[in-house]
file model-v9.cif (mmCIF, C-alpha atoms)
data_protein
loop_
_atom_site.group_PDB
_atom_site.id
_atom_site.type_symbol
_atom_site.label_atom_id
_atom_site.label_comp_id
_atom_site.auth_asym_id
_atom_site.auth_seq_id
_atom_site.Cartn_x
_atom_site.Cartn_y
_atom_site.Cartn_z
ATOM 1 C CA MET A 519 115.133 114.352 69.581
ATOM 2 C CA ILE A 520 117.756 114.514 72.338
ATOM 3 C CA ALA A 521 115.342 116.295 74.677
ATOM 4 C CA ALA A 522 112.691 113.659 74.031
ATOM 5 C CA LEU A 523 115.197 110.884 74.724
ATOM 6 C CA MET A 524 116.288 112.512 77.971
ATOM 7 C CA LEU A 525 112.659 112.838 79.049
ATOM 8 C CA LEU A 526 112.040 109.171 78.270
ATOM 9 C CA LEU A 527 115.077 108.137 80.288
ATOM 10 C CA ALA A 528 113.928 110.302 83.212
ATOM 11 C CA VAL A 529 110.477 108.719 83.177
ATOM 12 C CA ASP A 530 111.828 105.169 82.958
ATOM 13 C CA SER A 531 114.533 105.632 85.601
ATOM 14 C CA TYR A 532 113.470 104.191 88.929
ATOM 15 C CA ARG A 533 114.677 101.861 91.621
ATOM 16 C CA VAL A 534 113.199 98.714 93.137
ATOM 17 C CA TYR A 535 113.940 97.936 96.788
ATOM 18 C CA VAL A 536 113.618 94.336 97.989
ATOM 19 C CA SER A 537 113.697 93.222 101.636
ATOM 20 C CA ASN A 538 115.582 89.943 102.129
ATOM 21 C CA GLU A 539 114.346 88.180 105.248
ATOM 22 C CA ALA A 540 117.203 85.676 105.561
ATOM 23 C CA SER A 541 120.193 87.807 104.483
ATOM 24 C CA ASP A 542 119.305 90.793 106.701
ATOM 25 C CA ASP A 543 119.506 93.347 103.922
ATOM 26 C CA VAL A 544 117.688 95.256 101.202
ATOM 27 C CA ALA A 545 118.602 94.707 97.564
ATOM 28 C CA VAL A 546 118.521 97.691 95.228
ATOM 29 C CA LEU A 547 117.657 97.133 91.556
ATOM 30 C CA GLU A 548 118.061 99.712 88.802
ATOM 31 C CA ASN A 549 117.260 99.075 85.148
ATOM 32 C CA ASP A 550 116.290 95.610 86.357
ATOM 33 C CA GLU A 551 119.815 94.870 87.536
ATOM 34 C CA PRO A 552 121.148 94.608 91.117
ATOM 35 C CA VAL A 553 123.234 97.675 91.989
ATOM 36 C CA ALA A 554 123.545 97.544 95.795
ATOM 37 C CA ARG A 555 122.791 95.649 98.992
ATOM 38 C CA ILE A 556 122.088 97.611 102.182
ATOM 39 C CA ALA A 557 122.414 95.957 105.597
ATOM 40 C CA VAL A 558 119.413 96.917 107.738
ATOM 41 C CA GLY A 559 119.132 94.408 110.608
ATOM 42 C CA LYS A 560 117.530 91.066 111.407
ATOM 43 C CA ARG A 561 114.677 89.620 109.357
ATOM 44 C CA PRO A 562 113.678 92.619 107.226
ATOM 45 C CA ARG A 563 110.140 92.228 105.921
ATOM 46 C CA GLY A 564 107.800 95.191 105.424
ATOM 47 C CA LEU A 565 109.311 98.267 103.768
ATOM 48 C CA LYS A 566 108.008 101.665 102.645
ATOM 49 C CA LEU A 567 109.421 104.753 100.992
ATOM 50 C CA GLY A 568 108.691 107.870 103.024
ATOM 51 C CA PRO A 569 107.904 111.374 101.734
ATOM 52 C CA ASP A 570 111.211 112.476 103.281
ATOM 53 C CA GLY A 571 113.178 110.447 100.720
ATOM 54 C CA ARG A 572 114.131 107.761 103.211
ATOM 55 C CA LEU A 573 113.376 104.053 103.172
ATOM 56 C CA TYR A 574 111.799 102.482 106.255
ATOM 57 C CA VAL A 575 112.219 98.743 106.897
ATOM 58 C CA ALA A 576 110.676 96.556 109.628
ATOM 59 C CA VAL A 577 113.309 94.351 111.284
ATOM 60 C CA SER A 578 112.682 91.701 113.914
ATOM 61 C CA GLY A 579 114.574 89.658 116.489
ATOM 62 C CA SER A 580 111.937 86.919 116.500
ATOM 63 C CA PRO A 581 113.237 83.693 114.943
ATOM 64 C CA ARG A 582 111.848 82.727 111.574
ATOM 65 C CA ALA A 583 109.464 79.768 111.769
ATOM 66 C CA GLY A 584 108.907 77.483 108.818
ATOM 67 C CA PRO A 585 105.611 75.705 108.056
ATOM 68 C CA GLY A 586 104.540 73.418 110.874
ATOM 69 C CA MET A 587 107.124 74.674 113.374
ATOM 70 C CA ARG A 588 105.941 75.290 116.925
ATOM 71 C CA ASP A 589 106.845 78.405 118.906
ATOM 72 C CA GLU A 590 108.119 76.267 121.788
ATOM 73 C CA ASP A 591 110.662 74.630 119.469
ATOM 74 C CA LEU A 592 112.223 77.950 118.454
ATOM 75 C CA PRO A 593 114.995 79.891 120.196
ATOM 76 C CA PRO A 594 113.893 82.904 122.268
ATOM 77 C CA PRO A 595 113.450 86.225 120.444
ATOM 78 C CA ASP A 596 116.093 88.930 120.678
ATOM 79 C CA ARG A 597 113.995 92.026 121.306
ATOM 80 C CA ALA A 598 117.036 94.287 120.955
ATOM 81 C CA GLN A 599 116.848 93.598 117.221
ATOM 82 C CA ASP A 600 113.205 94.745 116.848
ATOM 83 C CA GLY A 601 112.482 98.086 115.203
ATOM 84 C CA ILE A 602 112.109 100.128 112.051
ATOM 85 C CA ALA A 603 115.400 100.655 110.257
ATOM 86 C CA VAL A 604 115.761 104.040 108.568
ATOM 87 C CA VAL A 605 117.830 104.084 105.371
ATOM 88 C CA ASP A 606 119.296 107.274 103.945
ATOM 89 C CA LEU A 607 119.008 106.587 100.226
ATOM 90 C CA THR A 608 121.489 109.307 99.324
ATOM 91 C CA ARG A 609 124.167 107.754 101.515
ATOM 92 C CA GLY A 610 123.025 104.198 100.826
ATOM 93 C CA ASN A 611 123.066 102.935 104.403
ATOM 94 C CA ALA A 612 120.897 102.568 107.500
ATOM 95 C CA VAL A 613 121.367 105.633 109.689
ATOM 96 C CA THR A 614 119.169 104.854 112.682
ATOM 97 C CA ARG A 615 116.519 102.519 114.040
ATOM 98 C CA LEU A 616 113.143 103.569 115.396
ATOM 99 C CA PRO A 617 111.219 101.538 117.970
ATOM 100 C CA GLY A 618 108.549 99.371 116.403
ATOM 101 C CA GLY A 619 107.135 97.252 119.208
ATOM 102 C CA PRO A 620 107.770 93.499 119.499
ATOM 103 C CA ASP A 621 108.268 91.561 116.256
ATOM 104 C CA PRO A 622 107.348 94.302 113.765
ATOM 105 C CA GLU A 623 106.311 92.818 110.443
ATOM 106 C CA SER A 624 104.374 95.247 108.255
ATOM 107 C CA PHE A 625 103.559 98.933 108.541
ATOM 108 C CA ASP A 626 102.336 102.032 106.794
ATOM 109 C CA LEU A 627 103.031 105.736 107.199
ATOM 110 C CA SER A 628 100.515 108.445 108.019
ATOM 111 C CA ARG A 629 99.705 110.705 105.084
ATOM 112 C CA ASP A 630 101.833 113.526 106.511
ATOM 113 C CA GLY A 631 104.762 111.149 106.979
ATOM 114 C CA LYS A 632 105.050 111.857 110.708
ATOM 115 C CA LEU A 633 103.762 108.555 112.122
ATOM 116 C CA ILE A 634 104.310 104.873 111.424
ATOM 117 C CA PHE A 635 101.608 102.287 112.167
ATOM 118 C CA VAL A 636 103.280 98.927 112.818
ATOM 119 C CA SER A 637 101.824 95.432 113.189
ATOM 120 C CA ASN A 638 103.329 93.454 116.084
ATOM 121 C CA GLU A 639 102.720 89.819 115.273
ATOM 122 C CA ASP A 640 103.864 88.378 118.613
ATOM 123 C CA ALA A 641 101.852 90.885 120.665
ATOM 124 C CA SER A 642 98.538 91.078 118.749
ATOM 125 C CA ALA A 643 98.979 94.828 118.658
ATOM 126 C CA LEU A 644 99.424 97.893 116.459
ATOM 127 C CA SER A 645 102.148 100.312 117.523
ATOM 128 C CA VAL A 646 101.903 104.016 116.692
ATOM 129 C CA VAL A 647 105.445 105.399 116.254
ATOM 130 C CA GLU A 648 106.358 109.082 116.019
ATOM 131 C CA ILE A 649 109.317 109.451 113.658
ATOM 132 C CA ALA A 650 110.628 112.815 114.885
ATOM 133 C CA THR A 651 110.910 111.753 118.533
ATOM 134 C CA ALA A 652 111.553 108.037 117.937
ATOM 135 C CA ARG A 653 108.814 107.171 120.445
ATOM 136 C CA ILE A 654 105.919 104.742 120.547
ATOM 137 C CA LEU A 655 102.952 107.012 121.262
ATOM 138 C CA ALA A 656 100.311 104.311 121.640
ATOM 139 C CA THR A 657 99.683 100.590 121.405
ATOM 140 C CA VAL A 658 96.321 99.423 120.066
ATOM 141 C CA LYS A 659 95.063 95.919 120.766
ATOM 142 C CA VAL A 660 94.082 94.155 117.531
ATOM 143 C CA GLY A 661 93.441 90.582 116.431
ATOM 144 C CA ALA A 662 95.891 87.721 116.813
ATOM 145 C CA GLN A 663 98.906 87.593 114.470
ATOM 146 C CA PRO A 664 98.397 90.970 112.793
ATOM 147 C CA GLU A 665 100.153 91.325 109.453
ATOM 148 C CA GLY A 666 99.085 93.750 106.715
ATOM 149 C CA VAL A 667 98.784 97.439 107.611
ATOM 150 C CA THR A 668 97.405 100.059 105.212
ATOM 151 C CA VAL A 669 96.334 103.666 105.775
ATOM 152 C CA SER A 670 93.279 104.824 103.799
ATOM 153 C CA PRO A 671 93.839 107.356 100.990
ATOM 154 C CA ASP A 672 92.329 110.193 103.064
ATOM 155 C CA GLY A 673 94.539 109.290 106.024
ATOM 156 C CA THR A 674 91.712 108.778 108.523
ATOM 157 C CA LEU A 675 91.719 104.979 108.864
ATOM 158 C CA VAL A 676 94.216 102.183 109.405
ATOM 159 C CA TYR A 677 93.258 98.689 108.250
ATOM 160 C CA VAL A 678 95.103 95.829 109.966
ATOM 161 C CA THR A 679 94.700 92.166 108.989
ATOM 162 C CA SER A 680 94.583 89.482 111.674
ATOM 163 C CA GLU A 681 95.803 86.158 110.289
ATOM 164 C CA GLU A 682 94.670 84.010 113.212
ATOM 165 C CA ASP A 683 91.257 85.620 113.797
ATOM 166 C CA GLY A 684 90.367 85.975 110.114
ATOM 167 C CA GLU A 685 89.420 89.627 110.288
ATOM 168 C CA VAL A 686 90.393 93.173 109.408
ATOM 169 C CA ASP A 687 90.609 95.547 112.368
ATOM 170 C CA VAL A 688 89.714 99.153 111.570
ATOM 171 C CA VAL A 689 91.580 101.752 113.654
ATOM 172 C CA ASP A 690 90.956 105.505 113.699
ATOM 173 C CA ALA A 691 94.216 107.083 112.470
ATOM 174 C CA ILE A 692 93.662 110.200 114.575
ATOM 175 C CA SER A 693 92.363 108.918 117.915
ATOM 176 C CA TRP A 694 93.979 105.450 117.567
ATOM 177 C CA LYS A 695 90.753 103.809 118.736
ATOM 178 C CA LEU A 696 89.487 100.505 117.381
ATOM 179 C CA LEU A 697 86.374 101.258 115.305
ATOM 180 C CA ALA A 698 85.329 97.918 113.826
ATOM 181 C CA ARG A 699 86.236 94.310 113.153
ATOM 182 C CA THR A 700 85.332 92.875 109.767
ATOM 183 C CA LYS A 701 85.402 89.132 109.133
ATOM 184 C CA THR A 702 87.258 87.852 106.083
ATOM 185 C CA ALA A 703 88.197 84.561 104.469
ATOM 186 C CA ALA A 704 90.838 82.531 106.288
ATOM 187 C CA ARG A 705 94.269 84.012 107.036
ATOM 188 C CA PRO A 706 94.078 87.533 105.594
ATOM 189 C CA ARG A 707 97.409 88.989 104.552
ATOM 190 C CA ALA A 708 97.610 92.270 102.626
ATOM 191 C CA VAL A 709 95.258 95.250 102.182
ATOM 192 C CA VAL A 710 94.990 97.808 99.390
ATOM 193 C CA PHE A 711 92.429 100.597 98.928
ATOM 194 C CA THR A 712 90.925 101.949 95.739
ATOM 195 C CA PRO A 713 92.197 105.504 95.074
ATOM 196 C CA ASP A 714 88.903 107.048 96.232
ATOM 197 C CA GLY A 715 89.017 105.053 99.472
ATOM 198 C CA SER A 716 85.550 103.573 98.992
ATOM 199 C CA ARG A 717 86.692 99.949 98.921
ATOM 200 C CA ALA A 718 89.517 97.858 100.316
ATOM 201 C CA PHE A 719 90.757 94.553 98.901
ATOM 202 C CA VAL A 720 92.150 91.927 101.289
ATOM 203 C CA SER A 721 94.124 88.851 100.212
ATOM 204 C CA ALA A 722 93.223 85.682 102.132
ATOM 205 C CA GLU A 723 95.961 83.056 102.023
ATOM 206 C CA GLN A 724 94.011 80.040 103.262
ATOM 207 C CA GLY A 725 90.713 81.226 101.804
ATOM 208 C CA ALA A 726 92.064 81.247 98.218
ATOM 209 C CA ALA A 727 90.260 84.535 97.742
ATOM 210 C CA VAL A 728 90.410 88.309 97.801
ATOM 211 C CA ASP A 729 87.705 89.902 99.930
ATOM 212 C CA ILE A 730 86.177 93.270 99.075
ATOM 213 C CA ILE A 731 85.434 95.562 102.018
ATOM 214 C CA ASP A 732 83.017 98.488 101.927
ATOM 215 C CA ALA A 733 85.405 101.004 103.519
ATOM 216 C CA ARG A 734 82.607 103.419 104.437
ATOM 217 C CA ARG A 735 80.630 100.881 106.463
ATOM 218 C CA HIS A 736 83.473 98.437 107.192
ATOM 219 C CA ILE A 737 81.554 95.379 106.041
ATOM 220 C CA ARG A 738 82.429 92.707 103.504
ATOM 221 C CA ALA A 739 80.831 93.581 100.179
ATOM 222 C CA GLY A 740 82.121 90.781 97.972
ATOM 223 C CA ARG A 741 84.635 88.024 97.410
ATOM 224 C CA VAL A 742 86.797 87.123 94.423
ATOM 225 C CA HIS A 743 87.853 83.491 94.342
ATOM 226 C CA ILE A 744 91.362 82.879 93.008
ATOM 227 C CA GLY A 745 91.618 79.513 91.291
ATOM 228 C CA GLY A 746 94.606 77.320 90.557
ATOM 229 C CA ALA A 747 96.514 74.498 92.220
ATOM 230 C CA GLY A 748 98.185 75.504 95.465
ATOM 231 C CA THR A 749 96.876 79.074 95.282
ATOM 232 C CA LYS A 750 97.492 81.111 98.430
ATOM 233 C CA PRO A 751 96.803 84.821 97.794
ATOM 234 C CA MET A 752 99.493 86.986 99.401
ATOM 235 C CA GLY A 753 100.747 90.291 98.007
ATOM 236 C CA LEU A 754 98.638 92.961 96.316
ATOM 237 C CA ALA A 755 99.431 95.799 93.925
ATOM 238 C CA MET A 756 96.864 98.153 92.389
ATOM 239 C CA THR A 757 97.359 100.346 89.340
ATOM 240 C CA ARG A 758 97.368 104.096 89.976
ATOM 241 C CA ASP A 759 93.985 104.560 88.331
ATOM 242 C CA GLY A 760 92.477 101.821 90.478
ATOM 243 C CA SER A 761 91.254 99.789 87.517
ATOM 244 C CA ARG A 762 93.389 96.666 87.950
ATOM 245 C CA LEU A 763 94.570 94.655 90.943
ATOM 246 C CA PHE A 764 97.445 92.160 90.884
ATOM 247 C CA VAL A 765 97.500 89.294 93.406
ATOM 248 C CA SER A 766 100.478 87.011 94.058
ATOM 249 C CA THR A 767 99.489 83.427 94.863
ATOM 250 C CA GLY A 768 102.435 82.207 96.939
ATOM 251 C CA ARG A 769 102.890 78.492 96.429
ATOM 252 C CA GLY A 770 100.581 78.729 93.431
ATOM 253 C CA GLY A 771 103.503 80.315 91.585
ATOM 254 C CA SER A 772 101.314 82.766 89.689
ATOM 255 C CA VAL A 773 99.848 86.274 89.707
ATOM 256 C CA ALA A 774 96.127 86.848 89.199
ATOM 257 C CA LEU A 775 94.850 90.007 87.513
ATOM 258 C CA ILE A 776 91.508 91.315 88.804
ATOM 259 C CA ASP A 777 89.280 93.863 87.108
ATOM 260 C CA VAL A 778 88.341 96.148 90.010
ATOM 261 C CA ALA A 779 85.069 97.430 88.517
ATOM 262 C CA THR A 780 83.598 93.968 87.916
ATOM 263 C CA ALA A 781 85.484 92.116 90.668
ATOM 264 C CA ARG A 782 86.426 89.363 88.229
ATOM 265 C CA VAL A 783 89.700 87.615 87.483
ATOM 266 C CA LEU A 784 90.648 88.675 83.962
ATOM 267 C CA ARG A 785 93.642 86.399 83.556
ATOM 268 C CA THR A 786 96.379 84.577 85.434
ATOM 269 C CA PHE A 787 100.088 84.985 84.793
ATOM 270 C CA GLU A 788 101.501 81.482 85.223
ATOM 271 C CA ARG A 789 104.995 80.294 86.184
ATOM 272 C CA ILE A 790 105.990 83.618 87.711
ATOM 273 C CA GLY A 791 108.436 82.191 90.232
ATOM 274 C CA ALA A 792 108.876 80.151 93.375
ATOM 275 C CA ARG A 793 106.251 81.371 95.856
ATOM 276 C CA PRO A 794 105.789 84.967 94.654
ATOM 277 C CA TRP A 795 104.962 87.192 97.634
ATOM 278 C CA GLY A 796 105.568 90.945 97.683
ATOM 279 C CA LEU A 797 104.528 92.866 94.566
ATOM 280 C CA GLY A 798 105.387 96.277 93.148
ATOM 281 C CA LEU A 799 104.467 98.186 89.993
ATOM 282 C CA SER A 800 106.846 100.337 87.965
ATOM 283 C CA PRO A 801 105.986 104.060 87.983
ATOM 284 C CA GLU A 802 104.686 103.992 84.404
ATOM 285 C CA GLY A 803 102.717 100.796 85.118
ATOM 286 C CA HIS A 804 104.282 98.658 82.393
ATOM 287 C CA LYS A 805 106.126 96.204 84.638
ATOM 288 C CA LEU A 806 105.278 94.210 87.739
ATOM 289 C CA TYR A 807 107.902 92.956 90.205
ATOM 290 C CA SER A 808 107.434 89.920 92.455
ATOM 291 C CA ALA A 809 109.635 88.775 95.339
ATOM 292 C CA ASN A 810 110.175 85.011 95.095
ATOM 293 C CA GLY A 811 111.382 83.743 98.469
ATOM 294 C CA PRO A 812 112.614 80.179 97.901
ATOM 295 C CA SER A 813 114.519 81.010 94.689
ATOM 296 C CA ASN A 814 116.111 84.183 96.102
ATOM 297 C CA ASP A 815 115.143 86.323 93.130
ATOM 298 C CA VAL A 816 112.729 88.899 91.751
ATOM 299 C CA SER A 817 110.652 88.330 88.633
ATOM 300 C CA VAL A 818 110.265 91.228 86.200
ATOM 301 C CA ILE A 819 106.897 90.790 84.496
ATOM 302 C CA ASP A 820 105.606 92.514 81.379
ATOM 303 C CA ILE A 821 102.035 93.451 82.261
ATOM 304 C CA GLU A 822 100.763 93.497 78.683
ATOM 305 C CA SER A 823 101.835 89.947 77.853
ATOM 306 C CA GLY A 824 102.082 88.477 81.360
ATOM 307 C CA ARG A 825 105.504 87.160 80.420
ATOM 308 C CA VAL A 826 108.466 87.058 82.818
ATOM 309 C CA LEU A 827 111.106 89.229 81.149
ATOM 310 C CA LYS A 828 113.881 88.174 83.505
ATOM 311 C CA ARG A 829 114.686 86.902 86.972
ATOM 312 C CA VAL A 830 117.016 89.092 89.017
ATOM 313 C CA ALA A 831 119.081 87.794 91.935
ATOM 314 C CA ALA A 832 118.152 89.616 95.136
ATOM 315 C CA GLY A 833 119.226 88.162 98.492
ATOM 316 C CA LYS A 834 118.098 85.297 100.694
ATOM 317 C CA LEU A 835 114.326 84.925 100.971
ATOM 318 C CA PRO A 836 113.122 88.153 99.326
ATOM 319 C CA TRP A 837 109.893 89.245 101.052
ATOM 320 C CA GLY A 838 108.681 92.740 100.239
ATOM 321 C CA ILE A 839 109.050 95.252 97.415
ATOM 322 C CA ALA A 840 108.958 99.048 97.212
ATOM 323 C CA VAL A 841 109.344 100.965 93.952
ATOM 324 C CA SER A 842 110.405 104.579 93.655
ATOM 325 C CA PRO A 843 111.505 107.006 90.947
ATOM 326 C CA ARG A 844 115.233 107.423 91.166
#
call {"tool": "encode", "arguments": {"input": "model-v9.cif", "output": "structure tokens"}}
result
Amino acid sequence: MIAALMLLLAVDSYRVYVSNEASDDVAVLENDEPVARIAVGKRPRGLKLGPDGRLYVAVSGSPRAGPGMRDEDLPPPDRAQDGIAVVDLTRGNAVTRLPGGPDPESFDLSRDGKLIFVSNEDASALSVVEIATARILATVKVGAQPEGVTVSPDGTLVYVTSEEDGEVDVVDAISWKLLARTKTAARPRAVVFTPDGSRAFVSAEQGAAVDIIDARRHIRAGRVHIGGAGTKPMGLAMTRDGSRLFVSTGRGGSVALIDVATARVLRTFERIGARPWGLGLSPEGHKLYSANGPSNDVSVIDIESGRVLKRVAAGKLPWGIAVSPR
């Protein structure tokens, strides 16, 4: 009995990391309670757990612009603040900062954990960063206002969304050459692949849809419309078996659940929070976490019922989520 209990506790023990864009830190949740805040630098947004046990966080010196604000009305960017903060999770603090190109927003790591592919929103570019040498090895020109970056399961491709051009740019992860440009619904945001790498799903904020990309031919193969008032598809999270896809709807305040095999919306979890954005699944797949920017909290959602179990204070303007076993 004791051994079984210990095993259950080991399985259920994990941590949730939340980037807080306006408080310049990462919140750490354990057992769905806040346990730490780690200062990482200006405007932390994208974050990923590396195979080396460290947490990587994109930080940016570009000023945050609200809806309708013009670039010319903003203060100049502080490029000294741009980079990828590296957090030692054992020590609980940021230990160094890697270069990340201008205004890094989102990124993904190569499958061997040696490279970071970073979207540079202000430069319409993808930076290739070598972790060991802290150098930018290459800069690839992509569409305007790149955001989501995802490496394919086999590690050969990098998909990059271009918000302004309404496309996904496909980059060879080995040669760093642009291979294709695939049109999507308006303002694509995030990308997630099926486990076998055959398809990619792309959230389209202004298109109120999730586009399905044939990842072998790099062409759009379908579209799932996400209904509901104010719906703006943002974050994505897929179950480990690739059977279900969760989509946050931003100002729609909900999360849509898509059946991957049929490309249909099965149900919608309503009243999740204020503008849910980044999503993350618990290791056992029973809970979903959403970062709710305007209310400065994270919703803990029971996947079976779709009910919000609790709201956990994070920091100011929570943006992204990464989940890891403790």
call {"tool": "resolve_selection", "arguments": {"input": "model-v9.cif", "expression": "the PyMOL selection byres ((chain A and resi 615) around 9)", "output": "list of chain:residue names"}}
result
A:Val558, A:Asp600, A:Gly601, A:Ile602, A:Ala603, A:Val604, A:Val605, A:Ala612, A:Val613, A:Thr614, A:Leu616, A:Pro617, A:Gly618, A:Ala652
call {"tool": "resolve_selection", "arguments": {"input": "model-v9.cif", "expression": "the PyMOL selection byres ((chain A and resi 734) around 12)", "output": "list in words"}}
result
Ser670, Asp672, Thr674, Leu675, Val688, Leu697, Ala698, Phe711, Asp714, Gly715, Ser716, Arg717, Ala718, Ile731, Asp732, Ala733, Arg735, His736, Ile737, Arg738 and Ala739 of chain A
call {"tool": "resolve_selection", "arguments": {"input": "model-v9.cif", "expression": "the PyMOL selection byres ((chain A and resi 662) around 7)", "output": "PyMOL selection string"}}
result
chain A and resi 642+660-661+663-664+680-683
call {"tool": "closest_residue", "arguments": {"input": "model-v9.cif", "among": "A:Asp606, A:Glu685, A:Glu665, A:Glu539", "to": "Pro622 (chain A)", "atoms": "all atoms listed in the file"}}
result
A:Glu665
call {"tool": "atom_distance", "arguments": {"input": "model-v9.cif", "atom1": "CA of Arg762 (chain A)", "atom2": "CA of Asp550 (chain A)"}}
result
23.0 Å
call {"tool": "residues_near_point", "arguments": {"input": "model-v9.cif", "point": "(90.4, 92.1, 107.5)", "cutoff": "6 Å", "atoms": "all atoms listed in the file", "output": "list in words"}}
result
Thr679, Glu685, Val686, Asp687, Thr700 and Thr702 of chain A
call {"tool": "atom_distance", "arguments": {"input": "model-v9.cif", "atom1": "CA of Thr657 (chain A)", "atom2": "CA of Pro562 (chain A)"}}
result
21.5 Å
call {"tool": "closest_residue", "arguments": {"input": "model-v9.cif", "among": "A:Val720, A:Leu607, A:Glu623, A:Leu565", "to": "Ser578 (chain A)", "atoms": "all atoms listed in the file"}}
result
A:Glu623
call {"tool": "closest_residue", "arguments": {"input": "model-v9.cif", "among": "A:Lys560, A:Arg699, A:His804, A:Lys566", "to": "Ser624 (chain A)", "atoms": "all atoms listed in the file"}}
result
A:Lys566
call {"tool": "axis_aligned_box", "arguments": {"input": "model-v9.cif", "around": "region 800-816 of chain A", "padding_each_side": "6 Å", "output": "lines of an AutoDock Vina configuration file"}}
result
center_x = 109.4
center_y = 92.1
center_z = 90.4
size_x = 25.4
size_y = 35.9
size_z = 28.1
call {"tool": "closest_residue", "arguments": {"input": "model-v9.cif", "among": "A:Ser531, A:Asn538, A:Thr780, A:Ser645", "to": "Lys834 (chain A)", "atoms": "only C-alpha atoms"}}
result
A:Asn538
call {"tool": "closest_residue", "arguments": {"input": "model-v9.cif", "among": "A:Ala831, A:Val709, A:Phe787, A:Gly838", "to": "Pro552 (chain A)", "atoms": "all atoms listed in the file"}}
result
A:Ala831
call {"tool": "closest_residue", "arguments": {"input": "model-v9.cif", "among": "A:Leu655, A:Ala722, A:Ser537, A:Ile649", "to": "Gly684 (chain A)", "atoms": "only C-alpha atoms"}}
result
A:Ala722
call {"tool": "residues_around", "arguments": {"input": "model-v9.cif", "residues": "Val647 (chain A)", "least_positions_apart": "2", "cutoff": "6 Å", "atoms": "all atoms listed in the file", "output": "mmCIF file with C-alpha atoms, keeping the file's coordinate frame"}}
result
data_model
loop_
_atom_site.group_PDB
_atom_site.id
_atom_site.type_symbol
_atom_site.label_atom_id
_atom_site.label_comp_id
_atom_site.auth_asym_id
_atom_site.auth_seq_id
_atom_site.Cartn_x
_atom_site.Cartn_y
_atom_site.Cartn_z
ATOM 1 C CA LEU A 633 103.762 108.555 112.122
ATOM 2 C CA ILE A 634 104.310 104.873 111.424
ATOM 3 C CA ARG A 653 108.814 107.171 120.445
ATOM 4 C CA ILE A 654 105.919 104.742 120.547
ATOM 5 C CA LEU A 655 102.952 107.012 121.262
#
call {"tool": "residues_near_point", "arguments": {"input": "model-v9.cif", "point": "(100.9, 87.0, 94.2)", "cutoff": "7 Å", "atoms": "all atoms listed in the file", "output": "PyMOL selection string"}}
result
chain A and resi 751-754+765-768+772-774+794-795+797
call {"tool": "atom_distance", "arguments": {"input": "model-v9.cif", "atom1": "CA of Gly798 (chain A)", "atom2": "CA of Val710 (chain A)"}}
result
12.2 Å
call {"tool": "build_atoms", "arguments": {"input": "model-v9.cif", "residues": "region 732-743 of chain A", "atoms": "N, CA and C atoms", "output": "short mmCIF file (atom, residue, chain, number, x, y, z; two decimals), keeping the file's coordinate frame"}}
result
data_model
loop_
_atom_site.label_atom_id
_atom_site.label_comp_id
_atom_site.auth_asym_id
_atom_site.auth_seq_id
_atom_site.Cartn_x
_atom_site.Cartn_y
_atom_site.Cartn_z
N ASP A 732 83.60 97.15 102.04
CA ASP A 732 83.02 98.49 101.93
C ASP A 732 83.69 99.34 102.99
N ALA A 733 84.58 100.25 102.57
CA ALA A 733 85.40 101.00 103.52
C ALA A 733 84.66 102.18 104.15
N ARG A 734 83.43 102.41 103.76
CA ARG A 734 82.61 103.42 104.44
C ARG A 734 81.88 102.80 105.62
N ARG A 735 81.39 101.56 105.40
CA ARG A 735 80.63 100.88 106.46
C ARG A 735 81.43 99.77 107.15
N HIS A 736 82.59 99.46 106.62
CA HIS A 736 83.47 98.44 107.19
C HIS A 736 82.80 97.07 107.26
N ILE A 737 82.17 96.70 106.15
CA ILE A 737 81.55 95.38 106.04
C ILE A 737 82.03 94.74 104.73
N ARG A 738 82.03 93.40 104.73
CA ARG A 738 82.43 92.71 103.50
C ARG A 738 81.35 92.89 102.45
N ALA A 739 81.78 93.29 101.25
CA ALA A 739 80.83 93.58 100.18
C ALA A 739 80.98 92.63 99.00
N GLY A 740 81.93 91.71 99.08
CA GLY A 740 82.12 90.78 97.97
C GLY A 740 83.34 89.91 98.20
N ARG A 741 83.49 88.94 97.32
CA ARG A 741 84.64 88.02 97.41
C ARG A 741 85.01 87.55 96.01
N VAL A 742 86.29 87.61 95.71
CA VAL A 742 86.80 87.12 94.42
C VAL A 742 87.60 85.87 94.68
N HIS A 743 87.13 84.74 94.17
CA HIS A 743 87.85 83.49 94.34
C HIS A 743 89.00 83.41 93.34
#
